[in-house]
file query.cif (mmCIF, C-alpha atoms and all ligand atoms)
data_final
#
loop_
_atom_site.group_PDB
_atom_site.id
_atom_site.type_symbol
_atom_site.label_atom_id
_atom_site.label_comp_id
_atom_site.auth_asym_id
_atom_site.auth_seq_id
_atom_site.Cartn_x
_atom_site.Cartn_y
_atom_site.Cartn_z
ATOM 1 C CA MET R 1 1.403 9.025 -20.065
ATOM 2 C CA TYR R 2 3.289 5.751 -19.556
ATOM 3 C CA ASP R 3 2.821 2.799 -21.828
ATOM 4 C CA PHE R 4 2.155 -0.259 -19.656
ATOM 5 C CA LYS R 5 0.549 -2.314 -22.423
ATOM 6 C CA GLY R 6 1.453 -5.992 -21.999
ATOM 7 C CA LYS R 7 2.503 -5.414 -18.385
ATOM 8 C CA VAL R 8 0.879 -7.087 -15.389
ATOM 9 C CA ALA R 9 0.459 -5.523 -11.949
ATOM 10 C CA ILE R 10 -0.672 -6.757 -8.564
ATOM 11 C CA VAL R 11 -1.857 -4.221 -5.984
ATOM 12 C CA THR R 12 -2.469 -5.733 -2.555
ATOM 13 C CA GLY R 13 -5.309 -4.330 -0.479
ATOM 14 C CA SER R 14 -6.847 -2.664 -3.543
ATOM 15 C CA GLY R 15 -10.379 -3.940 -3.055
ATOM 16 C CA ARG R 16 -11.609 -1.104 -0.913
ATOM 17 C CA PRO R 17 -13.471 1.761 -2.603
ATOM 18 C CA LYS R 18 -11.675 5.130 -2.461
ATOM 19 C CA GLY R 19 -8.452 3.588 -1.113
ATOM 20 C CA LEU R 20 -4.922 4.234 -2.313
ATOM 21 C CA GLY R 21 -4.883 0.666 -3.661
ATOM 22 C CA GLU R 22 -7.935 1.206 -5.840
ATOM 23 C CA ALA R 23 -6.441 4.423 -7.247
ATOM 24 C CA MET R 24 -3.103 2.739 -8.040
ATOM 25 C CA ALA R 25 -4.868 -0.230 -9.662
ATOM 26 C CA ARG R 26 -7.003 2.075 -11.802
ATOM 27 C CA ARG R 27 -3.930 4.034 -12.812
ATOM 28 C CA PHE R 28 -2.146 0.844 -13.905
ATOM 29 C CA ALA R 29 -5.223 -0.145 -15.931
ATOM 30 C CA ASP R 30 -5.492 3.343 -17.468
ATOM 31 C CA GLU R 31 -1.874 3.002 -18.595
ATOM 32 C CA GLY R 32 -2.702 -0.320 -20.284
ATOM 33 C CA ALA R 33 -1.553 -2.891 -17.704
ATOM 34 C CA ALA R 34 -3.627 -5.884 -16.610
ATOM 35 C CA VAL R 35 -4.184 -5.612 -12.880
ATOM 36 C CA VAL R 36 -4.997 -8.013 -10.063
ATOM 37 C CA ILE R 37 -7.253 -6.497 -7.426
ATOM 38 C CA HIS R 38 -6.237 -8.247 -4.227
ATOM 39 C CA ASP R 39 -7.779 -7.915 -0.798
ATOM 40 C CA LEU R 40 -8.782 -9.863 2.267
ATOM 41 C CA GLY R 41 -12.353 -10.108 0.978
ATOM 42 C CA GLN R 42 -13.976 -10.593 4.356
ATOM 43 C CA VAL R 43 -14.122 -9.292 7.910
ATOM 44 C CA LYS R 44 -11.946 -11.314 10.329
ATOM 45 C CA GLY R 45 -12.522 -10.159 13.895
ATOM 46 C CA GLU R 46 -10.960 -7.105 15.494
ATOM 47 C CA ILE R 47 -7.732 -7.218 13.491
ATOM 48 C CA ALA R 48 -9.730 -7.013 10.255
ATOM 49 C CA PRO R 49 -12.960 -5.235 11.252
ATOM 50 C CA GLU R 50 -15.887 -3.994 9.195
ATOM 51 C CA HIS R 51 -14.416 -0.476 9.021
ATOM 52 C CA GLY R 52 -11.003 -1.677 7.806
ATOM 53 C CA VAL R 53 -11.479 -4.319 5.168
ATOM 54 C CA GLY R 54 -12.104 -4.588 1.434
ATOM 55 C CA LYS R 55 -14.854 -7.181 0.910
ATOM 56 C CA SER R 56 -15.337 -9.568 -2.024
ATOM 57 C CA ALA R 57 -18.265 -7.630 -3.487
ATOM 58 C CA GLU R 58 -16.224 -4.404 -3.359
ATOM 59 C CA MET R 59 -13.244 -6.072 -5.034
ATOM 60 C CA GLU R 60 -15.491 -7.456 -7.768
ATOM 61 C CA ALA R 61 -17.115 -4.052 -8.338
ATOM 62 C CA ILE R 62 -13.720 -2.349 -8.793
ATOM 63 C CA ALA R 63 -12.548 -5.054 -11.231
ATOM 64 C CA LYS R 64 -15.831 -4.884 -13.147
ATOM 65 C CA SER R 65 -15.651 -1.148 -13.564
ATOM 66 C CA ILE R 66 -12.074 -1.426 -14.891
ATOM 67 C CA ILE R 67 -13.177 -4.114 -17.354
ATOM 68 C CA ASP R 68 -16.283 -2.104 -18.340
ATOM 69 C CA GLY R 69 -13.942 0.803 -19.060
ATOM 70 C CA GLY R 70 -11.939 -1.351 -21.490
ATOM 71 C CA GLY R 71 -9.204 -2.434 -19.072
ATOM 72 C CA LYS R 72 -8.009 -5.827 -17.887
ATOM 73 C CA ALA R 73 -8.591 -6.842 -14.262
ATOM 74 C CA ALA R 74 -9.175 -9.887 -12.075
ATOM 75 C CA THR R 75 -9.691 -10.360 -8.347
ATOM 76 C CA PHE R 76 -7.911 -12.540 -5.829
ATOM 77 C CA ALA R 77 -8.860 -12.800 -2.147
ATOM 78 C CA GLY R 78 -6.093 -13.695 0.283
ATOM 79 C CA ASP R 79 -4.542 -12.837 3.620
ATOM 80 C CA MET R 80 -1.169 -11.047 3.717
ATOM 81 C CA LEU R 81 -0.517 -12.778 7.046
ATOM 82 C CA VAL R 82 -0.412 -16.157 5.299
ATOM 83 C CA GLU R 83 2.633 -16.781 3.099
ATOM 84 C CA LYS R 84 0.900 -19.432 0.984
ATOM 85 C CA ASP R 85 -1.856 -16.922 0.137
ATOM 86 C CA VAL R 86 0.766 -14.469 -1.132
ATOM 87 C CA GLU R 87 2.537 -17.151 -3.153
ATOM 88 C CA ASN R 88 -0.838 -18.145 -4.639
ATOM 89 C CA LEU R 89 -1.588 -14.499 -5.437
ATOM 90 C CA VAL R 90 1.522 -14.248 -7.613
ATOM 91 C CA GLN R 91 0.724 -17.612 -9.194
ATOM 92 C CA PHE R 92 -2.810 -16.405 -9.947
ATOM 93 C CA ALA R 93 -1.533 -13.311 -11.769
ATOM 94 C CA VAL R 94 0.806 -15.434 -13.879
ATOM 95 C CA GLU R 95 -1.893 -18.005 -14.728
ATOM 96 C CA LYS R 96 -4.436 -15.291 -15.543
ATOM 97 C CA PHE R 97 -2.276 -12.745 -17.389
ATOM 98 C CA GLY R 98 0.944 -14.602 -18.226
ATOM 99 C CA ARG R 99 3.562 -12.712 -16.194
ATOM 100 C CA LEU R 100 4.239 -10.197 -13.437
ATOM 101 C CA ASP R 101 5.902 -6.807 -13.881
ATOM 102 C CA PHE R 102 4.746 -4.643 -10.965
ATOM 103 C CA PHE R 103 3.925 -5.586 -7.383
ATOM 104 C CA VAL R 104 2.587 -3.021 -4.931
ATOM 105 C CA ASN R 105 2.589 -3.826 -1.226
ATOM 106 C CA ASN R 106 -0.339 -1.614 -0.231
ATOM 107 C CA ALA R 107 -2.412 -3.777 2.161
ATOM 108 C CA GLY R 108 -2.087 -2.438 5.656
ATOM 109 C CA ILE R 109 -3.552 -2.037 9.090
ATOM 110 C CA GLY R 110 -3.741 1.665 9.965
ATOM 111 C CA TYR R 111 -5.974 1.299 12.981
ATOM 112 C CA LEU R 112 -5.400 -0.556 16.282
ATOM 113 C CA PHE R 113 -3.998 2.733 17.610
ATOM 114 C CA GLY R 114 -3.585 3.534 21.300
ATOM 115 C CA PRO R 115 -1.094 4.470 24.005
ATOM 116 C CA LEU R 116 2.064 2.363 23.894
ATOM 117 C CA ILE R 117 1.690 1.362 27.539
ATOM 118 C CA ASP R 118 -1.693 -0.223 26.721
ATOM 119 C CA LEU R 119 -0.686 -1.832 23.410
ATOM 120 C CA THR R 120 -1.224 -5.598 23.457
ATOM 121 C CA GLN R 121 1.042 -8.175 21.879
ATOM 122 C CA GLU R 122 -1.886 -9.288 19.734
ATOM 123 C CA HIS R 123 -2.341 -5.822 18.225
ATOM 124 C CA TRP R 124 1.415 -5.308 17.822
ATOM 125 C CA ASP R 125 1.712 -8.662 16.021
ATOM 126 C CA ALA R 126 -1.281 -7.959 13.785
ATOM 127 C CA VAL R 127 0.022 -4.576 12.615
ATOM 128 C CA LEU R 128 3.628 -5.711 12.165
ATOM 129 C CA GLY R 129 2.316 -8.942 10.630
ATOM 130 C CA VAL R 130 0.245 -7.360 7.866
ATOM 131 C CA ASN R 131 2.314 -4.236 7.213
ATOM 132 C CA LEU R 132 5.841 -5.603 7.446
ATOM 133 C CA ARG R 133 5.813 -9.401 7.314
ATOM 134 C CA GLY R 134 3.146 -9.224 4.590
ATOM 135 C CA ALA R 135 5.346 -6.861 2.573
ATOM 136 C CA PHE R 136 8.259 -9.266 3.003
ATOM 137 C CA PHE R 137 6.103 -12.131 1.645
ATOM 138 C CA GLY R 138 5.051 -9.898 -1.238
ATOM 139 C CA ILE R 139 8.592 -8.909 -2.184
ATOM 140 C CA LYS R 140 9.848 -12.488 -1.847
ATOM 141 C CA HIS R 141 7.267 -14.102 -4.105
ATOM 142 C CA ALA R 142 7.026 -11.255 -6.616
ATOM 143 C CA ALA R 143 10.819 -11.209 -6.931
ATOM 144 C CA ARG R 144 11.022 -14.980 -7.436
ATOM 145 C CA GLN R 145 8.617 -14.678 -10.362
ATOM 146 C CA MET R 146 10.392 -11.645 -11.825
ATOM 147 C CA ILE R 147 13.768 -13.399 -11.563
ATOM 148 C CA LYS R 148 12.281 -16.415 -13.371
ATOM 149 C CA GLN R 149 11.073 -14.135 -16.180
ATOM 150 C CA GLY R 150 14.534 -12.583 -16.412
ATOM 151 C CA ASP R 151 13.632 -9.069 -17.524
ATOM 152 C CA GLY R 152 13.319 -7.160 -14.271
ATOM 153 C CA GLY R 153 10.351 -5.536 -12.610
ATOM 154 C CA SER R 154 9.300 -2.900 -10.128
ATOM 155 C CA ILE R 155 8.128 -3.365 -6.539
ATOM 156 C CA VAL R 156 6.567 -0.452 -4.655
ATOM 157 C CA ASN R 157 5.984 -0.554 -0.914
ATOM 158 C CA ILE R 158 3.381 1.830 0.445
ATOM 159 C CA ALA R 159 4.976 3.017 3.644
ATOM 160 C CA SER R 160 3.821 6.340 5.109
ATOM 161 C CA GLN R 161 4.856 9.634 6.572
ATOM 162 C CA ALA R 162 4.908 7.452 9.690
ATOM 163 C CA ALA R 163 8.122 5.970 8.256
ATOM 164 C CA LYS R 164 9.834 9.336 8.646
ATOM 165 C CA GLY R 165 8.779 10.433 12.130
ATOM 166 C CA GLY R 166 6.883 9.380 15.224
ATOM 167 C CA SER R 167 3.477 10.360 16.529
ATOM 168 C CA ALA R 168 1.701 9.415 19.748
ATOM 169 C CA ARG R 169 -0.557 6.328 19.866
ATOM 170 C CA THR R 170 0.900 4.730 16.729
ATOM 171 C CA ALA R 171 3.782 2.602 18.086
ATOM 172 C CA ALA R 172 3.044 -0.515 16.051
ATOM 173 C CA TYR R 173 2.037 1.355 12.878
ATOM 174 C CA THR R 174 5.028 3.703 12.958
ATOM 175 C CA SER R 175 7.424 0.837 13.688
ATOM 176 C CA SER R 176 6.011 -1.211 10.831
ATOM 177 C CA LYS R 177 6.367 1.659 8.354
ATOM 178 C CA HIS R 178 9.929 2.445 9.449
ATOM 179 C CA GLY R 179 10.644 -1.273 8.993
ATOM 180 C CA MET R 180 9.171 -1.175 5.527
ATOM 181 C CA VAL R 181 11.722 1.431 4.475
ATOM 182 C CA GLY R 182 14.576 -0.727 5.797
ATOM 183 C CA LEU R 183 13.149 -3.719 3.972
ATOM 184 C CA THR R 184 12.902 -1.634 0.791
ATOM 185 C CA ARG R 185 16.585 -0.708 0.996
ATOM 186 C CA VAL R 186 17.725 -4.292 1.533
ATOM 187 C CA ALA R 187 15.495 -5.629 -1.242
ATOM 188 C CA ALA R 188 16.645 -2.898 -3.645
ATOM 189 C CA THR R 189 20.269 -3.805 -2.957
ATOM 190 C CA GLU R 190 19.779 -7.562 -3.314
ATOM 191 C CA LEU R 191 17.492 -7.496 -6.326
ATOM 192 C CA ALA R 192 19.318 -4.859 -8.390
ATOM 193 C CA GLU R 193 21.361 -7.527 -10.166
ATOM 194 C CA HIS R 194 18.063 -8.891 -11.524
ATOM 195 C CA LYS R 195 16.983 -5.403 -12.715
ATOM 196 C CA ILE R 196 14.219 -5.416 -10.128
ATOM 197 C CA ARG R 197 13.791 -1.967 -8.616
ATOM 198 C CA VAL R 198 12.286 -1.655 -5.152
ATOM 199 C CA ASN R 199 11.056 1.665 -3.774
ATOM 200 C CA ALA R 200 8.784 2.907 -1.018
ATOM 201 C CA LEU R 201 6.226 5.703 -1.120
ATOM 202 C CA CYS R 202 5.527 7.756 1.980
ATOM 203 C CA PRO R 203 2.191 9.542 1.667
ATOM 204 C CA ASN R 204 1.003 11.894 4.369
ATOM 205 C CA HIS R 205 -2.672 12.040 5.243
ATOM 206 C CA VAL R 206 -5.250 10.928 2.676
ATOM 207 C CA THR R 207 -8.904 10.659 3.662
ATOM 208 C CA THR R 208 -9.555 7.101 2.507
ATOM 209 C CA GLY R 209 -11.774 4.676 4.461
ATOM 210 C CA LEU R 210 -8.789 4.029 6.717
ATOM 211 C CA GLY R 211 -7.950 7.742 6.741
ATOM 212 C CA SER R 212 -11.486 8.643 7.894
ATOM 213 C CA TRP R 213 -11.173 6.235 10.787
ATOM 214 C CA GLN R 214 -7.814 7.832 11.702
ATOM 215 C CA ASN R 215 -9.323 11.338 11.541
ATOM 216 C CA ASP R 216 -12.120 10.360 13.932
ATOM 217 C CA TYR R 217 -9.738 8.582 16.278
ATOM 218 C CA MET R 218 -7.032 11.262 16.356
ATOM 219 C CA SER R 219 -9.403 14.241 16.605
ATOM 220 C CA LYS R 220 -11.090 12.638 19.625
ATOM 221 C CA ALA R 221 -7.747 11.672 21.183
ATOM 222 C CA ARG R 222 -6.591 15.295 20.881
ATOM 223 C CA GLY R 223 -9.910 16.748 22.061
ATOM 224 C CA LEU R 224 -10.458 18.601 18.775
ATOM 225 C CA SER R 225 -13.468 18.793 16.493
ATOM 226 C CA LEU R 226 -12.950 16.976 13.205
ATOM 227 C CA ASP R 227 -12.781 20.314 11.350
ATOM 228 C CA ASP R 228 -10.208 21.764 13.744
ATOM 229 C CA TYR R 229 -8.127 18.587 13.571
ATOM 230 C CA LEU R 230 -8.103 18.636 9.762
ATOM 231 C CA ALA R 231 -7.332 22.378 9.692
ATOM 232 C CA ASP R 232 -4.392 21.755 12.026
ATOM 233 C CA ARG R 233 -3.091 18.994 9.751
ATOM 234 C CA ARG R 234 -3.469 21.203 6.693
ATOM 235 C CA SER R 235 -1.609 24.063 8.371
ATOM 236 C CA LYS R 236 1.537 21.884 8.474
ATOM 237 C CA ILE R 237 1.487 21.185 4.723
ATOM 238 C CA PRO R 238 3.225 23.784 2.531
ATOM 239 C CA LEU R 239 1.073 22.911 -0.498
ATOM 240 C CA ASP R 240 -1.948 23.655 1.729
ATOM 241 C CA ARG R 241 -4.065 20.568 1.187
ATOM 242 C CA LEU R 242 -4.336 17.002 2.367
ATOM 243 C CA GLY R 243 -3.256 14.266 -0.018
ATOM 244 C CA PHE R 244 -5.462 12.729 -2.693
ATOM 245 C CA VAL R 245 -5.344 9.047 -3.624
ATOM 246 C CA GLU R 246 -4.339 10.137 -7.134
ATOM 247 C CA ASP R 247 -1.153 11.761 -5.766
ATOM 248 C CA THR R 248 0.086 8.367 -4.621
ATOM 249 C CA ALA R 249 -1.194 6.656 -7.775
ATOM 250 C CA LYS R 250 0.788 9.067 -9.950
ATOM 251 C CA ALA R 251 3.953 8.517 -7.920
ATOM 252 C CA CYS R 252 3.481 4.746 -8.080
ATOM 253 C CA ALA R 253 3.039 4.803 -11.864
ATOM 254 C CA PHE R 254 6.180 6.932 -12.165
ATOM 255 C CA LEU R 255 8.215 4.510 -10.047
ATOM 256 C CA CYS R 256 7.059 1.597 -12.209
ATOM 257 C CA SER R 257 7.776 3.401 -15.465
ATOM 258 C CA ASP R 258 11.003 3.582 -17.443
ATOM 259 C CA GLN R 259 11.201 7.238 -16.391
ATOM 260 C CA ALA R 260 12.351 5.884 -13.020
ATOM 261 C CA SER R 261 14.758 3.318 -14.450
ATOM 262 C CA TYR R 262 17.651 4.654 -12.313
ATOM 263 C CA VAL R 263 15.581 4.984 -9.116
ATOM 264 C CA THR R 264 15.763 2.210 -6.551
ATOM 265 C CA GLY R 265 15.973 1.967 -2.757
ATOM 266 C CA GLU R 266 14.135 5.283 -2.376
ATOM 267 C CA ALA R 267 11.558 6.202 0.240
ATOM 268 C CA MET R 268 9.806 8.977 -1.655
ATOM 269 C CA ASN R 269 7.560 11.424 0.158
ATOM 270 C CA VAL R 270 4.161 12.243 -1.316
ATOM 271 C CA SER R 271 3.304 14.821 1.284
ATOM 272 C CA GLY R 272 2.869 18.281 -0.198
ATOM 273 C CA GLY R 273 6.138 19.316 1.413
ATOM 274 C CA GLU R 274 5.243 18.200 4.931
ATOM 275 C CA GLN R 275 8.181 15.789 4.933
ATOM 276 C CA TYR R 276 11.419 16.359 3.091
ATOM 277 C CA HIS R 277 13.868 13.798 4.410
HETATM 278 N N1 LIG Z 301 -4.757 6.955 4.122
HETATM 279 C C1 LIG Z 301 -3.633 7.497 4.526
HETATM 280 O O1 LIG Z 301 -3.607 8.621 5.044
HETATM 281 C C2 LIG Z 301 -2.330 6.755 4.373
HETATM 282 C C3 LIG Z 301 -1.153 7.481 4.497
HETATM 283 C C4 LIG Z 301 0.055 6.808 4.370
HETATM 284 C C5 LIG Z 301 0.095 5.462 4.107
HETATM 285 N N2 LIG Z 301 -1.075 4.770 4.004
HETATM 286 C C6 LIG Z 301 -0.981 3.339 3.728
HETATM 287 O O2 LIG Z 301 -1.589 3.083 2.498
HETATM 288 C C7 LIG Z 301 -2.080 1.746 2.462
HETATM 289 C C8 LIG Z 301 -3.523 1.764 2.008
HETATM 290 O O3 LIG Z 301 -4.310 2.455 2.964
HETATM 291 P P1 LIG Z 301 -5.661 3.220 2.621
HETATM 292 O O4 LIG Z 301 -5.649 4.468 3.416
HETATM 293 O O5 LIG Z 301 -5.876 3.279 1.171
HETATM 294 O O6 LIG Z 301 -6.746 2.295 3.343
HETATM 295 P P2 LIG Z 301 -7.645 1.075 2.839
HETATM 296 O O7 LIG Z 301 -8.371 0.609 4.026
HETATM 297 O O8 LIG Z 301 -8.401 1.479 1.631
HETATM 298 O O9 LIG Z 301 -6.573 -0.016 2.396
HETATM 299 C C9 LIG Z 301 -5.990 -0.973 3.230
HETATM 300 C C10 LIG Z 301 -6.362 -2.331 2.690
HETATM 301 O O10 LIG Z 301 -5.570 -3.335 3.329
HETATM 302 C C11 LIG Z 301 -6.385 -4.484 3.405
HETATM 303 N N3 LIG Z 301 -5.906 -5.437 4.400
HETATM 304 C C12 LIG Z 301 -5.837 -5.268 5.739
HETATM 305 N N4 LIG Z 301 -5.415 -6.411 6.324
HETATM 306 C C13 LIG Z 301 -5.187 -7.301 5.317
HETATM 307 C C14 LIG Z 301 -4.728 -8.652 5.287
HETATM 308 N N5 LIG Z 301 -4.424 -9.317 6.388
HETATM 309 N N6 LIG Z 301 -4.618 -9.243 4.079
HETATM 310 C C15 LIG Z 301 -4.952 -8.594 2.944
HETATM 311 N N7 LIG Z 301 -5.390 -7.319 2.918
HETATM 312 C C16 LIG Z 301 -5.506 -6.681 4.093
HETATM 313 C C17 LIG Z 301 -7.756 -3.944 3.764
HETATM 314 O O11 LIG Z 301 -8.768 -4.879 3.475
HETATM 315 C C18 LIG Z 301 -7.836 -2.679 2.930
HETATM 316 O O12 LIG Z 301 -8.465 -2.894 1.702
HETATM 317 C C19 LIG Z 301 -1.878 1.182 3.871
HETATM 318 O O13 LIG Z 301 -0.714 0.411 3.891
HETATM 319 C C20 LIG Z 301 -1.688 2.444 4.716
HETATM 320 O O14 LIG Z 301 -0.917 2.211 5.857
HETATM 321 C C21 LIG Z 301 -2.289 5.390 4.108
#
call {"tool": "encode", "arguments": {"input": "query.cif", "output": "structure tokens"}}
result
Amino acid sequence: MYDFKGKVAIVTGSGRPKGLGEAMARRFADEGAAVVIHDLGQVKGEIAPEHGVGKSAEMEAIAKSIIDGGGKAATFAGDMLVEKDVENLVQFAVEKFGRLDFFVNNAGIGYLFGPLIDLTQEHWDAVLGVNLRGAFFGIKHAARQMIKQGDGGSIVNIASQAAKGGSARTAAYTSSKHGMVGLTRVAATELAEHKIRVNALCPNHVTTGLGSWQNDYMSKARGLSLDDYLADRRSKIPLDRLGFVEDTAKACAFLCSDQASYVTGEAMNVSGGEQYH
């Protein structure tokens, strides 16, 4: 649908099977772009636990299947908490594929939930660190490269429905996603003169690996069976279904395409009508 031949994309946190990142990376590849599959690559204690992390073998498998399908892909393991890792990620894309056109800040911590009065500084810092500071590092280093190239680019920040409202037990997550929208607006304003567009996407619930963990956690916290919890969520969505990873991938491809050449600073809902502001 869009012609991304000759373009190069980085999707952070795209090494986890069935995640939004994987879907966006595959969509870029399907449209002809070369794509860097980035992820942490390994478990790192409770802030990056087994249930929350894309591992090296998973990253490699996603890249291999893109290449086997005729696409261009490479993997890069790095930590969004570490600025040098993010700088090196951009450098890697340029060395491997020659340039950078699209950067998607998708890596995120969507666990470490709990009542605000019990939230520790360590968990707060981890969530804000990956989701917001990591996105700042991503924008900064992607933009530097795009400015050097001189012909613009598109940066997409994967925020959330949590950027548009508040829900119990998600203080750090919700704050980080609200912050991401503010960061998007500032970056869009500053980078417009370089023809770099910066937008956020705000998906509602998608049952990814992270989403499954959230379903289990929230259904238990609300004393509901998993089925009842999911039915309750669905009942609030006018289009009468939960989100699919492809919904976000389609929106991301649109925002990176020329069809969105006059769209910047947006925080676009991908929520089946659940959010409309
Ligand atoms: N699933 C949903 O319902 C939903 C809804 C709205 C927004 N989101 C957002 O979408 C993004 C992707 O989530 P997903 O549901 O596809 O889950 P996911 O677990 O597939 O993706 C998150 C990725 O972030 C990576 N990550 C975590 N800490 C990292 C670090 N320090 N450095 C590098 N990578 C790190 C993980 O390894 C993982 O691969 C997240 O930012 C999430 O907040 C998800």
call {"tool": "closest_atom_pairs", "arguments": {"input": "query.cif", "of": "stretch 140-202 of chain R", "to": "stretch 9-13 of chain R", "cutoff": "10 Å", "atoms": "all atoms listed in the file", "output": "CSV"}}
result
residue,atom,partner,partner_atom,distance
R:Ala142,CA,R:Ile10,CA,9.1
R:Gly153,CA,R:Ala9,CA,9.9
R:Ser154,CA,R:Ala9,CA,9.4
R:Ile155,CA,R:Ala9,CA,9.6
R:Val156,CA,R:Val11,CA,9.3
call {"tool": "write_last_selection", "arguments": {"input": "query.cif", "atoms": "C-alpha atoms", "output": "compact mmCIF listing (two decimals), keeping the file's coordinate frame"}}
result
# COMPACT_ATOMS: atom_id res chain seq x y z
CA ALA R 142 7.03 -11.26 -6.62
CA GLY R 153 10.35 -5.54 -12.61
CA SER R 154 9.30 -2.90 -10.13
CA ILE R 155 8.13 -3.36 -6.54
CA VAL R 156 6.57 -0.45 -4.66
call {"tool": "resolve_selection", "arguments": {"input": "query.cif", "expression": "the PyMOL selection byres (((chain R and resi 128) around 10) and not hetatm)", "output": "PyMOL selection string"}}
result
chain R and resi 81+108-109+123-127+129-135+172-177+179-180
call {"tool": "write_last_selection", "arguments": {"input": "query.cif", "atoms": "C-alpha atoms", "output": "PDB file, keeping the file's coordinate frame"}}
result
ATOM      1  CA  LEU R  81      -0.517 -12.778   7.046  1.00  0.00           C
ATOM      2  CA  GLY R 108      -2.087  -2.438   5.656  1.00  0.00           C
ATOM      3  CA  ILE R 109      -3.552  -2.037   9.090  1.00  0.00           C
ATOM      4  CA  HIS R 123      -2.341  -5.822  18.225  1.00  0.00           C
ATOM      5  CA  TRP R 124       1.415  -5.308  17.822  1.00  0.00           C
ATOM      6  CA  ASP R 125       1.712  -8.662  16.021  1.00  0.00           C
ATOM      7  CA  ALA R 126      -1.281  -7.959  13.785  1.00  0.00           C
ATOM      8  CA  VAL R 127       0.022  -4.576  12.615  1.00  0.00           C
ATOM      9  CA  GLY R 129       2.316  -8.942  10.630  1.00  0.00           C
ATOM     10  CA  VAL R 130       0.245  -7.360   7.866  1.00  0.00           C
ATOM     11  CA  ASN R 131       2.314  -4.236   7.213  1.00  0.00           C
ATOM     12  CA  LEU R 132       5.841  -5.603   7.446  1.00  0.00           C
ATOM     13  CA  ARG R 133       5.813  -9.401   7.314  1.00  0.00           C
ATOM     14  CA  GLY R 134       3.146  -9.224   4.590  1.00  0.00           C
ATOM     15  CA  ALA R 135       5.346  -6.861   2.573  1.00  0.00           C
ATOM     16  CA  ALA R 172       3.044  -0.515  16.051  1.00  0.00           C
ATOM     17  CA  TYR R 173       2.037   1.355  12.878  1.00  0.00           C
ATOM     18  CA  THR R 174       5.028   3.703  12.958  1.00  0.00           C
ATOM     19  CA  SER R 175       7.424   0.837  13.688  1.00  0.00           C
ATOM     20  CA  SER R 176       6.011  -1.211  10.831  1.00  0.00           C
ATOM     21  CA  LYS R 177       6.367   1.659   8.354  1.00  0.00           C
ATOM     22  CA  GLY R 179      10.644  -1.273   8.993  1.00  0.00           C
ATOM     23  CA  MET R 180       9.171  -1.175   5.527  1.00  0.00           C
TER      24      MET R 180
END
call {"tool": "resolve_selection", "arguments": {"input": "query.cif", "expression": "the PyMOL selection byres (((chain R and resi 251) around 10) and not hetatm)", "output": "PyMOL selection string"}}
result
chain R and resi 24+156+201+203+246-250+252-257+268-270
call {"tool": "atom_distance", "arguments": {"input": "query.cif", "atom1": "atom N7 of ligand LIG 301 (chain Z)", "atom2": "atom CA of R:Phe244"}}
result
20.8 Å
call {"tool": "resolve_selection", "arguments": {"input": "query.cif", "expression": "the PyMOL selection byres (((chain R and resi 239) around 9) and not hetatm)", "output": "JSON, numbers by chain"}}
result
{"R": [234, 237, 238, 240, 241, 242, 271, 272, 273, 274]}
call {"tool": "atom_distance", "arguments": {"input": "query.cif", "atom1": "atom C15 of ligand LIG 301 (chain Z)", "atom2": "atom CA of R:Val53"}}
result
8.1 Å
call {"tool": "closest_residue", "arguments": {"input": "query.cif", "among": "R:Ala187, R:Val8, R:Ala200, R:Val245", "to": "R:Glu266", "atoms": "all atoms listed in the file"}}
result
R:Ala200
call {"tool": "residues_around", "arguments": {"input": "query.cif", "residues": "R:Leu119", "least_positions_apart": "6", "cutoff": "9 Å", "atoms": "all atoms listed in the file", "output": "list in words"}}
result
Leu112, Phe113, Arg169, Ala171 and Ala172 of chain R
call {"tool": "closest_residue", "arguments": {"input": "query.cif", "among": "R:Leu230, R:Ala23, R:Ile158, R:Leu100", "to": "R:Met146", "atoms": "all atoms listed in the file"}}
result
R:Leu100
call {"tool": "residues_around", "arguments": {"input": "query.cif", "residues": "R:Ala29", "least_positions_apart": "6", "cutoff": "7 Å", "atoms": "all atoms listed in the file", "output": "PyMOL selection string"}}
result
chain R and resi 35+71-72
call {"tool": "residues_around", "arguments": {"input": "query.cif", "residues": "stretch 64-69 of chain R", "least_positions_apart": "2", "cutoff": "12 Å", "atoms": "all atoms listed in the file", "output": "JSON, numbers by chain"}}
result
{"R": [15, 17, 22, 23, 25, 26, 27, 28, 29, 30, 31, 32, 33, 34, 35, 36, 37, 57, 58, 59, 60, 61, 62, 71, 72, 73, 74, 75]}
call {"tool": "closest_residue", "arguments": {"input": "query.cif", "among": "R:Thr208, R:Asn215, R:Ser261, R:Ser167", "to": "R:Gly52", "atoms": "all atoms listed in the file"}}
result
R:Thr208
call {"tool": "closest_residue", "arguments": {"input": "query.cif", "among": "R:Gln145, R:Thr170, R:Thr264, R:Gln42", "to": "R:Asp79", "atoms": "only C-alpha atoms"}}
result
R:Gln42
call {"tool": "closest_residue", "arguments": {"input": "query.cif", "among": "R:Leu89, R:Val104, R:Ala188, R:Ala159", "to": "R:His205", "atoms": "all atoms listed in the file"}}
result
R:Ala159
call {"tool": "axis_aligned_box", "arguments": {"input": "query.cif", "around": "stretch 159-168 of chain R", "padding_each_side": "3 Å", "output": "lines of an AutoDock Vina configuration file"}}
result
center_x = 5.8
center_y = 6.7
center_z = 11.7
size_x = 14.1
size_y = 13.4
size_z = 22.1
call {"tool": "closest_residue", "arguments": {"input": "query.cif", "among": "R:Gly6, R:Gly138, R:Gly182, R:Gly70", "to": "ligand LIG 301 (chain Z)", "atoms": "only C-alpha atoms and all ligand atoms"}}
result
R:Gly138
call {"tool": "atom_distance", "arguments": {"input": "query.cif", "atom1": "atom CA of R:Lys220", "atom2": "atom CA of R:Asp39"}}
result
29.2 Å
